[in-house]
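See structure below.
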Amino acid sequence: MARLLVLVNSAVLLLFGSDMFLVGANRPPAPVNVSVTHLRADSANVSWEVPEGDIIIGFSISQQRQDGHMQRFIREVNTTSRSCVLWDLEEETDYIIQVQSIGLYGESQASKKVHFRTLKKSDRISSNSSNQDDPTVQGLDKSRHLQTGEMIIIVVVLVMWAAVIALFCRQYDIIKDNDSSNNKEKAKPSSERSTPEHHSGGLLRSKFHPSVPSINIIEV
């Protein structure tokens, strides 16, 4: 009985050890040539390379301040990207990053630590001018220009709609005033539209018909 238990334990350990060996062997290698470029006061771009021949489905980045405080852990799968932009950094602060590749059977070992320091906010202008040829910076600038253009188009469309509505309201007021005037003319009594009377009470005689002299008949 004791020999049977020893044989079972040995088989389990052998199978478990072989699975761990296969999983470890199929893990991708660690990323190489990790670099930090396009430094700003609040952002930086991280890029790396992956040895050929391995299936990579994502990456993970550990970002921490040099004083040991963990700042962020970024993980992204279903991507072939070999770069990532770090946002919301603090100015004039030292950071340490490490990159791991994600494969079909797990994550690789962490890459070598990379140290970098963010710039001052006052250095942002000079940094932007020196990175004008950078595709990442150009993409950010294009997105800002696109947002500005969209806002201008929206403002122009709103102004045009306001002008059309104002013109419509003006035309409607004119038509309404004309209708009210016509209704008032139709509502006048017939006495106001008949021949005006003289202040003495009699009808005014037409100037084209002279008055007929009165004839007195005397009976004898």
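Each chain in the structure tokens gets a letter, A, B and so on, in the order shown; residues start at 1 in every chain, and ligands are counted from 1 in the order they appear.
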
Q: Could you give me, as a VMD selection string, the residues within 12 Å of A:Ser47, counting only C-alpha atoms and dropping anything in the same chain fewer than 3 positions from it?
A: chain A and resid 31 to 38 44 50 59 61 81 to 86 97 to 100 111 114 136

Q. Please, what distance in Å, to one decimal, runs between atom CA of A:Ser108 and atom CA of A:Asn26?
A. 9.5 Å

Q. For A:Phe73, which residue among A:Ile153, A:Ala30, A:Ile175, A:Ile96 is the nearest when counting only C-alpha atoms?
A.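 The shortest atom-to-atom distance to A:Phe73 comes from A:Ile96.
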
Q. For A:Pro29, which residue out of A:Ala166, A:Ala41, A:Val77, A:Ile55 is the nearest one, using only C-alpha atoms?
A. A:Ile55

(Q) So the first atom is atom CA of A:Phe116 and the second is atom CA of A:Arg72; what is the distance between them in Å, to one decimal place? (A)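 Between atom CA of A:Phe116 and atom CA of A:Arg72 the gap is 15.2 Å.
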